[in-house]
$ cat protein-v4.cif   # mmCIF, C-alpha atoms
data_run
loop_
_atom_site.label_atom_id
_atom_site.label_comp_id
_atom_site.auth_asym_id
_atom_site.auth_seq_id
_atom_site.Cartn_x
_atom_site.Cartn_y
_atom_site.Cartn_z
CA MET F 1234 -1.10 -244.73 66.36
CA ALA F 1235 -0.29 -241.20 67.53
CA ILE F 1236 3.39 -240.23 67.95
CA SER F 1237 4.48 -237.94 70.77
CA TYR F 1238 6.75 -235.09 69.69
CA LYS F 1239 8.81 -235.68 72.83
CA SER F 1240 9.69 -239.19 71.67
CA LEU F 1241 11.12 -237.65 68.49
CA GLY F 1242 13.24 -235.14 70.41
CA PHE F 1243 11.33 -231.94 69.65
CA VAL F 1244 10.20 -229.30 72.13
CA ASN F 1245 7.17 -227.05 72.04
CA THR F 1246 7.57 -223.28 71.87
CA LYS F 1247 6.69 -222.28 75.46
CA ASN F 1248 10.19 -221.76 76.83
CA MET F 1249 11.46 -220.42 73.51
CA PHE F 1250 8.88 -217.66 73.48
CA ALA F 1251 9.19 -216.82 77.17
CA LYS F 1252 12.94 -216.28 76.79
CA ALA F 1253 12.52 -214.42 73.50
CA VAL F 1254 10.04 -211.92 74.92
CA SER F 1255 12.16 -211.22 77.99
CA GLY F 1256 15.45 -211.27 76.07
CA GLY F 1257 14.55 -209.01 73.15
CA PHE F 1258 15.09 -211.49 70.34
CA ALA F 1259 12.96 -213.54 67.95
CA VAL F 1260 13.18 -217.26 67.33
CA PRO F 1261 13.79 -218.05 63.65
CA ALA F 1262 11.04 -220.04 61.96
CA TYR F 1263 12.49 -221.43 58.74
CA ASN F 1264 10.45 -223.42 56.23
CA PHE F 1265 11.89 -226.54 54.65
CA ASN F 1266 10.83 -228.90 51.88
CA ASN F 1267 13.86 -231.14 51.40
CA MET F 1268 16.99 -232.55 53.03
CA GLU F 1269 19.41 -229.83 51.93
CA GLN F 1270 17.26 -227.04 53.35
CA LEU F 1271 16.88 -228.96 56.60
CA GLN F 1272 20.62 -229.58 56.91
CA ALA F 1273 21.40 -225.91 56.31
CA ILE F 1274 18.88 -224.73 58.90
CA VAL F 1275 19.99 -227.10 61.64
CA LEU F 1276 23.73 -226.60 61.08
CA ALA F 1277 23.39 -222.80 60.93
CA CYS F 1278 21.42 -222.74 64.17
CA LEU F 1279 23.74 -225.19 65.89
CA GLU F 1280 26.83 -223.18 64.92
CA SER F 1281 25.22 -219.93 66.07
CA GLN F 1282 23.67 -221.63 69.15
CA SER F 1283 20.21 -220.42 68.22
CA PRO F 1284 16.88 -222.08 68.99
CA VAL F 1285 14.93 -222.85 65.85
CA ILE F 1286 11.44 -223.68 64.66
CA LEU F 1287 11.34 -226.00 61.66
CA GLN F 1288 8.26 -225.05 59.68
CA VAL F 1289 6.27 -227.34 57.43
CA SER F 1290 3.52 -225.90 55.25
CA LYS F 1291 0.59 -227.83 53.86
CA GLY F 1292 2.28 -227.56 50.47
CA ALA F 1293 5.47 -229.09 51.88
CA ARG F 1294 3.51 -231.98 53.36
CA ASP F 1295 1.89 -232.62 49.99
CA TYR F 1296 5.23 -232.34 48.16
CA ALA F 1297 7.44 -234.48 50.38
CA ASP F 1298 4.84 -236.74 52.06
CA GLN F 1299 3.76 -235.95 55.59
CA THR F 1300 5.31 -239.06 57.16
CA LEU F 1301 8.66 -238.55 55.43
CA LEU F 1302 8.85 -234.93 56.59
CA THR F 1303 8.24 -235.87 60.21
CA TYR F 1304 11.04 -238.42 60.12
CA LEU F 1305 13.32 -236.06 58.25
CA GLY F 1306 12.78 -233.78 61.22
CA GLN F 1307 13.60 -236.61 63.62
CA GLY F 1308 16.75 -237.31 61.60
CA ALA F 1309 17.66 -233.66 61.96
CA ILE F 1310 17.49 -234.03 65.75
CA GLU F 1311 19.93 -236.95 65.63
CA MET F 1312 22.21 -235.05 63.23
CA MET F 1313 22.16 -232.03 65.55
CA ARG F 1314 23.10 -234.14 68.56
CA ARG F 1315 25.96 -235.84 66.72
CA LYS F 1316 27.30 -232.57 65.33
CA ALA F 1317 27.03 -230.92 68.75
CA ARG F 1318 29.26 -233.64 70.22
CA GLU F 1319 31.75 -233.33 67.36
CA MET F 1320 31.89 -229.54 67.69
CA GLY F 1321 31.98 -229.55 71.47
CA VAL F 1322 28.94 -227.28 71.76
CA GLY F 1323 25.59 -227.61 73.47
CA GLU F 1324 22.48 -229.04 71.84
CA ILE F 1325 19.84 -226.60 70.63
CA PRO F 1326 16.06 -226.70 71.14
CA ILE F 1327 14.14 -227.53 67.97
CA ALA F 1328 10.37 -227.28 67.49
CA LEU F 1329 8.48 -228.84 64.56
CA HIS F 1330 5.66 -226.52 63.53
CA LEU F 1331 2.76 -226.63 61.09
CA ASP F 1332 2.69 -223.38 59.12
CA HIS F 1333 -0.73 -222.08 58.02
CA GLY F 1334 -2.81 -225.06 59.03
CA ASP F 1335 -6.05 -224.71 57.10
CA SER F 1336 -8.35 -226.97 59.11
CA TYR F 1337 -8.90 -228.67 62.44
CA GLU F 1338 -8.26 -232.03 60.77
CA THR F 1339 -4.87 -230.94 59.39
CA CYS F 1340 -3.78 -229.73 62.83
CA VAL F 1341 -4.88 -233.00 64.47
CA SER F 1342 -3.01 -235.00 61.82
CA CYS F 1343 0.19 -233.06 62.49
CA ILE F 1344 -0.12 -233.37 66.26
CA GLU F 1345 -0.64 -237.12 65.96
CA SER F 1346 2.41 -237.45 63.70
CA GLY F 1347 4.80 -235.74 66.11
CA PHE F 1348 4.55 -231.99 65.57
CA SER F 1349 5.20 -229.97 68.73
CA SER F 1350 3.45 -226.79 67.54
CA VAL F 1351 0.70 -225.98 65.06
CA MET F 1352 -0.76 -222.88 63.48
CA ILE F 1353 -4.45 -222.71 62.70
CA ASP F 1354 -5.09 -219.96 60.18
CA GLY F 1355 -8.68 -218.84 60.43
CA SER F 1356 -7.91 -215.32 59.25
CA HIS F 1357 -10.00 -215.78 56.09
CA LEU F 1358 -13.09 -216.49 58.21
CA SER F 1359 -15.33 -214.08 60.05
CA TYR F 1360 -14.06 -212.96 63.45
CA GLU F 1361 -16.41 -215.26 65.39
CA GLU F 1362 -15.73 -218.22 63.10
CA ASN F 1363 -11.98 -217.65 63.50
CA ILE F 1364 -12.38 -217.71 67.28
CA ALA F 1365 -14.47 -220.91 67.21
CA LEU F 1366 -12.04 -222.79 64.95
CA THR F 1367 -8.95 -221.61 66.81
CA LYS F 1368 -10.42 -222.51 70.20
CA LYS F 1369 -11.28 -226.00 68.95
CA VAL F 1370 -7.69 -226.58 67.81
CA VAL F 1371 -6.31 -225.17 71.08
CA GLU F 1372 -8.40 -227.54 73.17
CA TYR F 1373 -7.12 -230.59 71.28
CA ALA F 1374 -3.51 -229.38 71.08
CA HIS F 1375 -3.21 -228.41 74.73
CA ALA F 1376 -4.47 -231.84 75.74
CA HIS F 1377 -1.31 -233.14 74.00
CA ASP F 1378 1.00 -230.39 75.37
CA VAL F 1379 1.30 -228.89 71.87
CA THR F 1380 1.42 -225.11 71.46
CA VAL F 1381 -0.88 -223.23 69.07
CA GLU F 1382 -0.46 -220.10 66.95
CA GLY F 1383 -3.52 -218.21 65.75
CA GLU F 1384 -3.83 -215.34 63.28
CA LEU F 1385 -5.70 -212.03 63.14
CA GLY F 1386 -5.50 -209.94 59.99
CA VAL F 1387 -4.63 -211.00 56.44
CA LEU F 1388 -1.24 -210.81 54.71
CA ALA F 1389 -1.06 -210.01 51.02
CA GLY F 1390 1.04 -212.09 48.63
CA VAL F 1391 1.30 -215.71 47.54
CA GLU F 1392 3.15 -218.61 49.14
CA ASP F 1393 2.13 -222.25 48.60
CA GLU F 1394 -1.68 -222.38 48.97
CA VAL F 1395 -1.81 -219.15 51.01
CA SER F 1396 -2.72 -216.10 48.93
CA ALA F 1397 -4.43 -212.74 49.28
CA GLU F 1398 -4.43 -209.68 47.04
CA HIS F 1399 -4.50 -207.03 49.77
CA HIS F 1400 -3.47 -206.55 53.40
CA THR F 1401 -6.05 -206.48 56.14
CA TYR F 1402 -4.20 -205.00 59.09
CA THR F 1403 -4.76 -206.53 62.51
CA GLN F 1404 -7.11 -204.41 64.60
CA PRO F 1405 -5.45 -203.78 67.98
CA GLU F 1406 -8.82 -203.50 69.73
CA GLU F 1407 -9.58 -207.16 68.85
CA VAL F 1408 -6.41 -208.88 70.05
CA GLN F 1409 -7.15 -209.09 73.78
CA ASP F 1410 -10.59 -210.57 73.20
CA PHE F 1411 -9.25 -213.04 70.62
CA VAL F 1412 -6.41 -214.26 72.84
CA SER F 1413 -8.56 -214.62 75.95
CA ARG F 1414 -11.40 -216.44 74.17
CA THR F 1415 -9.22 -218.85 72.17
CA GLY F 1416 -6.39 -219.62 74.60
CA VAL F 1417 -3.73 -219.45 71.89
CA ASP F 1418 -0.07 -219.44 72.88
CA SER F 1419 1.02 -216.95 70.19
CA LEU F 1420 -0.62 -214.61 67.70
CA ALA F 1421 0.37 -213.90 64.11
CA ILE F 1422 -0.48 -210.31 63.16
CA SER F 1423 -0.63 -208.33 59.94
CA ILE F 1424 1.39 -205.10 59.96
CA GLY F 1425 2.54 -204.89 56.35
CA THR F 1426 4.69 -207.97 55.91
CA SER F 1427 3.56 -210.21 53.05
CA HIS F 1428 4.17 -213.60 51.52
CA GLY F 1429 6.49 -214.13 48.59
CA ALA F 1430 9.31 -212.10 47.02
CA PHE F 1431 7.27 -209.15 45.74
CA LYS F 1432 6.28 -207.40 48.95
CA PHE F 1433 6.30 -203.80 47.72
CA LYS F 1434 5.67 -202.12 44.39
CA PRO F 1435 8.42 -200.11 42.64
CA GLY F 1436 8.53 -196.62 44.13
CA GLN F 1437 6.68 -197.72 47.27
CA LYS F 1438 8.57 -197.24 50.52
CA PRO F 1439 9.36 -200.67 52.02
CA GLU F 1440 8.02 -200.17 55.50
CA ILE F 1441 5.98 -202.16 58.01
CA ARG F 1442 3.50 -200.70 60.51
CA LEU F 1443 5.51 -200.73 63.71
CA ASP F 1444 2.93 -198.32 65.16
CA ILE F 1445 0.29 -201.08 64.98
CA LEU F 1446 2.72 -203.48 66.61
CA ARG F 1447 3.32 -201.08 69.49
CA GLU F 1448 -0.42 -200.61 70.02
CA ILE F 1449 -0.97 -204.38 70.05
CA GLU F 1450 1.78 -204.77 72.62
CA LYS F 1451 -0.02 -202.30 74.86
CA ARG F 1452 -3.21 -204.36 74.62
CA ILE F 1453 -1.55 -207.74 75.38
CA PRO F 1454 1.74 -206.91 77.13
CA GLY F 1455 4.28 -209.72 77.17
CA PHE F 1456 2.23 -211.95 74.88
CA ALA F 1457 4.06 -213.82 72.11
CA ILE F 1458 3.62 -212.07 68.73
CA VAL F 1459 4.51 -213.64 65.36
CA LEU F 1460 5.41 -212.05 62.03
CA HIS F 1461 4.78 -213.98 58.83
CA GLY F 1462 6.07 -213.03 55.39
CA SER F 1463 9.28 -211.54 56.78
CA SER F 1464 11.85 -212.33 54.11
CA SER F 1465 14.12 -209.42 53.24
CA VAL F 1466 14.61 -210.63 49.63
CA PRO F 1467 18.43 -210.31 49.42
CA GLN F 1468 19.23 -208.36 46.29
CA ASP F 1469 22.48 -210.23 45.62
CA ALA F 1470 20.45 -213.43 45.26
CA VAL F 1471 17.91 -211.70 43.01
CA GLU F 1472 20.73 -210.29 40.86
CA ALA F 1473 22.37 -213.71 40.59
CA ILE F 1474 19.10 -215.35 39.56
CA ASN F 1475 18.58 -212.75 36.85
CA LYS F 1476 22.22 -212.92 35.73
CA TYR F 1477 22.00 -216.65 35.17
CA GLY F 1478 18.75 -216.73 33.22
CA GLY F 1479 16.02 -215.95 35.73
CA LYS F 1480 13.34 -213.28 35.56
CA LEU F 1481 12.64 -211.68 38.93
CA ALA F 1482 11.80 -208.06 38.30
CA ASP F 1483 10.99 -205.68 41.16
CA SER F 1484 11.58 -208.17 43.98
CA ILE F 1485 11.50 -206.16 47.22
CA GLY F 1486 11.45 -207.43 50.80
CA ILE F 1487 11.22 -206.21 54.39
CA PRO F 1488 14.23 -204.11 55.49
CA GLU F 1489 16.29 -206.07 57.99
CA THR F 1490 16.60 -203.01 60.24
CA GLN F 1491 12.83 -203.03 60.74
CA LEU F 1492 12.81 -206.76 61.47
CA ARG F 1493 15.55 -206.24 64.05
CA GLU F 1494 13.49 -203.52 65.72
CA ALA F 1495 10.44 -205.79 65.79
CA ALA F 1496 12.51 -208.64 67.23
CA LYS F 1497 13.50 -206.45 70.19
CA SER F 1498 9.82 -206.14 71.13
CA ALA F 1499 7.24 -208.84 71.90
CA VAL F 1500 7.71 -210.30 68.42
CA CYS F 1501 9.24 -213.63 69.42
CA LYS F 1502 8.88 -215.61 66.17
CA ILE F 1503 9.75 -214.41 62.67
CA ASN F 1504 8.92 -216.56 59.64
CA ILE F 1505 11.37 -216.65 56.75
CA ASP F 1506 10.80 -218.79 53.66
CA SER F 1507 11.30 -216.85 50.41
CA ASP F 1508 14.86 -215.80 51.30
CA GLY F 1509 15.84 -219.47 51.47
CA ARG F 1510 14.22 -220.17 48.12
CA LEU F 1511 16.00 -217.23 46.50
CA VAL F 1512 19.46 -218.06 47.86
CA MET F 1513 19.11 -221.71 46.92
CA THR F 1514 17.86 -220.97 43.41
CA ALA F 1515 20.59 -218.38 42.84
CA LYS F 1516 23.37 -220.82 43.70
CA ILE F 1517 21.90 -223.67 41.65
CA ARG F 1518 21.55 -221.38 38.62
CA GLU F 1519 25.12 -220.17 39.05
CA VAL F 1520 26.57 -223.68 39.23
CA LEU F 1521 24.64 -224.95 36.22
CA ALA F 1522 25.43 -221.84 34.17
CA ASN F 1523 29.15 -222.21 34.82
CA LYS F 1524 29.11 -226.01 34.46
CA PRO F 1525 26.40 -226.76 31.88
CA GLY F 1526 27.49 -230.39 31.62
CA GLU F 1527 26.93 -231.08 35.32
CA PHE F 1528 24.19 -233.60 36.11
CA ASP F 1529 25.11 -234.79 39.61
CA PRO F 1530 22.56 -233.20 41.97
CA ARG F 1531 25.12 -233.22 44.78
CA LYS F 1532 27.31 -230.83 42.79
CA TYR F 1533 24.66 -228.10 42.72
CA LEU F 1534 22.56 -228.91 45.78
CA GLY F 1535 25.67 -229.06 47.96
CA PRO F 1536 26.77 -225.48 47.15
CA ALA F 1537 23.14 -224.36 47.52
CA ARG F 1538 23.05 -225.91 51.00
CA ASP F 1539 26.29 -224.14 51.94
CA ALA F 1540 24.94 -220.78 50.75
CA LEU F 1541 21.75 -221.33 52.73
CA LYS F 1542 23.71 -222.02 55.91
CA VAL F 1543 25.61 -218.75 55.57
CA MET F 1544 22.38 -216.83 55.09
CA TYR F 1545 20.59 -218.46 58.04
CA LYS F 1546 23.53 -217.79 60.39
CA ALA F 1547 23.54 -214.13 59.36
CA LYS F 1548 19.80 -213.91 60.09
CA ASN F 1549 20.28 -215.37 63.57
CA GLU F 1550 23.21 -213.13 64.41
CA ASN F 1551 22.28 -209.83 62.79
CA VAL F 1552 18.50 -209.71 62.32
CA LEU F 1553 16.65 -211.88 64.81
CA GLY F 1554 19.20 -211.66 67.61
CA SER F 1555 18.66 -215.33 68.47
CA ALA F 1556 22.31 -216.40 68.28
CA GLY F 1557 23.70 -217.55 71.62
CA HIS F 1558 20.32 -218.01 73.32
CA ALA F 1559 19.94 -221.78 72.92
CA PRO F 1560 21.67 -222.72 76.21
CA GLU F 1561 19.30 -220.69 78.40
CA ILE F 1562 16.25 -222.21 76.69
CA VAL F 1563 17.63 -225.74 77.09
CA ALA F 1564 18.27 -225.03 80.77
CA ALA F 1565 14.74 -223.71 81.27
CA SER F 1566 13.32 -226.88 79.71
CA LYS F 1567 14.98 -229.21 82.21
#
$ encode --input "protein-v4.cif" --output "structure tokens"
Amino acid sequence: MAISYKSLGFVNTKNMFAKAVSGGFAVPAYNFNNMEQLQAIVLACLESQSPVILQVSKGARDYADQTLLTYLGQGAIEMMRRKAREMGVGEIPIALHLDHGDSYETCVSCIESGFSSVMIDGSHLSYEENIALTKKVVEYAHAHDVTVEGELGVLAGVEDEVSAEHHTYTQPEEVQDFVSRTGVDSLAISIGTSHGAFKFKPGQKPEIRLDILREIEKRIPGFAIVLHGSSSVPQDAVEAINKYGGKLADSIGIPETQLREAAKSAVCKINIDSDGRLVMTAKIREVLANKPGEFDPRKYLGPARDALKVMYKAKNENVLGSAGHAPEIVAASK
């Protein structure tokens, strides 16, 4: 039997994106695979009063079981409400989103299990095939009041099952036609961001194509734009991983100053996954290196969760500009 996302306490992304576009900020979209990541995301966003999109990839669904992840998300809603009362702050809007849905069937499965937003990634298909698949998902999702993200262009890099060797930049002249023919609620574009922790080669200037972004904004003014592969790859985390036995050479991410500039435009959703993986891994390595006899997972996952929360709060406050915007989105949803 299908589960409504509203019964679980989630919201879709309509009001989030409307406020983000008009307010010059981007909603954080953080991927999670386990309880500690989920706790860190929700607590960081609650403390900074930021809206948040909890992202689940196909790989995460396979790893943690799709039913368990949905109810972990529901548990996060209840935790958020309890913590909000304890802290004397307002509740925050939370969306549960499928990241890089690879088929119509996957999107339907997520919608029926309580997701409030889905992405259908047809970017590997021909232009017309991408339109046909995206439109099919939109028709089903909108019948259930679920929002849909499409994608034009291809990001380089590897993350879960998503991989490509080279960028294919989004063509600005295609976006208006794609949006009008599919009916999508938001559009992921390719302007030089990439999946994973190795976004640029040594000696290459870490820079995204903000000129393409500006041209796309001219073609579809006020429309919700999404950036994938937007981790900044914090060098202190990379250095810690390498210090405590890891091997991450030449890990380079997107400069946070460029992400902040993008967030002030029509970019209203920024996806961040690798930064969380790096910070978590760095802290776990540090704890186990300093306490090699430790075998209680709480003693290394707990510090990793705390480090994640600090990082996510900093993203909300200093990079995405989403901190403090939760109350207006909650009000708009009533």
$ closest_residue --input "protein-v4.cif" --among "F:Ser1359, F:Pro1284, F:Pro1261, F:Ala1515" --to "Val1459 in chain F" --atoms "only C-alpha atoms"
F:Pro1261
$ closest_residue --input "protein-v4.cif" --among "F:His1377, F:Lys1502, F:Lys1368, F:His1333" --to "Ala1457 in chain F" --atoms "only C-alpha atoms"
F:Lys1502
$ resolve_selection --input "protein-v4.cif" --expression "the PyMOL selection byres ((chain F and resi 1551-1560) around 10)" --output "VMD selection string"
chain F and resid 1249 1252 to 1253 1256 to 1261 1277 to 1285 1322 to 1327 1488 to 1497 1500 to 1503 1545 to 1550 1561 to 1566
$ residues_around --input "protein-v4.cif" --residues "Thr1339 in chain F" --least-positions-apart "2" --cutoff "12 Å" --atoms "all atoms listed in the file" --output "PyMOL selection string"
chain F and resi 1289-1292+1294-1295+1299+1331-1337+1341-1346+1348+1351-1354+1370+1374
$ resolve_selection --input "protein-v4.cif" --expression "the PyMOL selection byres ((chain F and resi 1371) around 8)" --output "PDB file with C-alpha atoms, keeping the file's coordinate frame"
ATOM      1  CA  THR F1367      -8.950-221.610  66.810  1.00  0.00           C
ATOM      2  CA  LYS F1368     -10.420-222.510  70.200  1.00  0.00           C
ATOM      3  CA  LYS F1369     -11.280-226.000  68.950  1.00  0.00           C
ATOM      4  CA  VAL F1370      -7.690-226.580  67.810  1.00  0.00           C
ATOM      5  CA  GLU F1372      -8.400-227.540  73.170  1.00  0.00           C
ATOM      6  CA  TYR F1373      -7.120-230.590  71.280  1.00  0.00           C
ATOM      7  CA  ALA F1374      -3.510-229.380  71.080  1.00  0.00           C
ATOM      8  CA  HIS F1375      -3.210-228.410  74.730  1.00  0.00           C
ATOM      9  CA  THR F1380       1.420-225.110  71.460  1.00  0.00           C
ATOM     10  CA  VAL F1381      -0.880-223.230  69.070  1.00  0.00           C
ATOM     11  CA  THR F1415      -9.220-218.850  72.170  1.00  0.00           C
ATOM     12  CA  GLY F1416      -6.390-219.620  74.600  1.00  0.00           C
ATOM     13  CA  VAL F1417      -3.730-219.450  71.890  1.00  0.00           C
TER      14      VAL F1417
END
$ atom_distance --input "protein-v4.cif" --atom1 "CA of Arg1518 in chain F" --atom2 "CA of Gln1468 in chain F"
15.3 Å
$ resolve_selection --input "protein-v4.cif" --expression "the PyMOL selection byres ((chain F and resi 1239) around 12)" --output "PyMOL selection string"
chain F and resi 1235-1238+1240-1245+1307+1310+1326-1329+1344-1350+1377-1379
$ atom_distance --input "protein-v4.cif" --atom1 "CA of Phe1265 in chain F" --atom2 "CA of Ser1356 in chain F"
23.2 Å
$ atom_distance --input "protein-v4.cif" --atom1 "CA of Ile1505 in chain F" --atom2 "CA of Tyr1533 in chain F"
22.5 Å
$ residues_around --input "protein-v4.cif" --residues "Arg1510 in chain F" --least-positions-apart "5" --cutoff "12 Å" --atoms "only C-alpha atoms" --output "VMD selection string"
chain F and resid 1263 to 1267 1269 to 1270 1392 1429 to 1430 1464 to 1467 1470 to 1471 1474 1505 1515 to 1517 1537 to 1538 1540 to 1541 1544 to 1545
$ residues_around --input "protein-v4.cif" --residues "Leu1446 in chain F" --least-positions-apart "3" --cutoff "9 Å" --atoms "only C-alpha atoms" --output "list of chain:residue names"
F:Pro1405, F:Ile1422, F:Ser1423, F:Ile1424, F:Arg1442, F:Leu1443, F:Ile1449, F:Glu1450, F:Lys1451, F:Ile1458, F:Ala1495, F:Ser1498, F:Ala1499, F:Val1500
$ closest_residue --input "protein-v4.cif" --among "F:Val1512, F:Gly1425, F:Ala1376, F:Ile1364" --to "Asp1444 in chain F" --atoms "only C-alpha atoms"
F:Gly1425
$ closest_residue --input "protein-v4.cif" --among "F:Gly1355, F:Gly1486, F:Gly1321, F:Gly1386" --to "Tyr1402 in chain F" --atoms "only C-alpha atoms"
F:Gly1386
$ closest_residue --input "protein-v4.cif" --among "F:Lys1532, F:Lys1480, F:Lys1438, F:His1461" --to "Ala1421 in chain F" --atoms "only C-alpha atoms"
F:His1461
$ closest_residue --input "protein-v4.cif" --among "F:Leu1460, F:Ala1473, F:Val1543, F:Pro1536" --to "Leu1511 in chain F" --atoms "all atoms listed in the file"
F:Ala1473
$ decode --input "protein-v4.cif" --residues "range 1302-1317 of chain F" --atoms "C-alpha atoms" --output "short mmCIF file (atom, residue, chain, number, x, y, z; two decimals), in the first residue's frame"
data_model
loop_
_atom_site.label_atom_id
_atom_site.label_comp_id
_atom_site.auth_asym_id
_atom_site.auth_seq_id
_atom_site.Cartn_x
_atom_site.Cartn_y
_atom_site.Cartn_z
CA LEU F 1302 15.66 4.46 5.03
CA THR F 1303 12.15 5.84 4.68
CA TYR F 1304 11.41 5.14 8.34
CA LEU F 1305 14.78 6.47 9.41
CA GLY F 1306 13.65 9.66 7.70
CA GLN F 1307 10.34 9.55 9.57
CA GLY F 1308 12.26 9.04 12.81
CA ALA F 1309 14.32 12.10 11.95
CA ILE F 1310 11.10 14.14 11.72
CA GLU F 1311 10.09 13.04 15.22
CA MET F 1312 13.60 13.73 16.54
CA MET F 1313 13.53 17.19 14.97
CA ARG F 1314 10.18 18.00 16.58
CA ARG F 1315 11.32 16.83 20.01
CA LYS F 1316 14.62 18.70 19.80
CA ALA F 1317 12.83 21.85 18.60
#
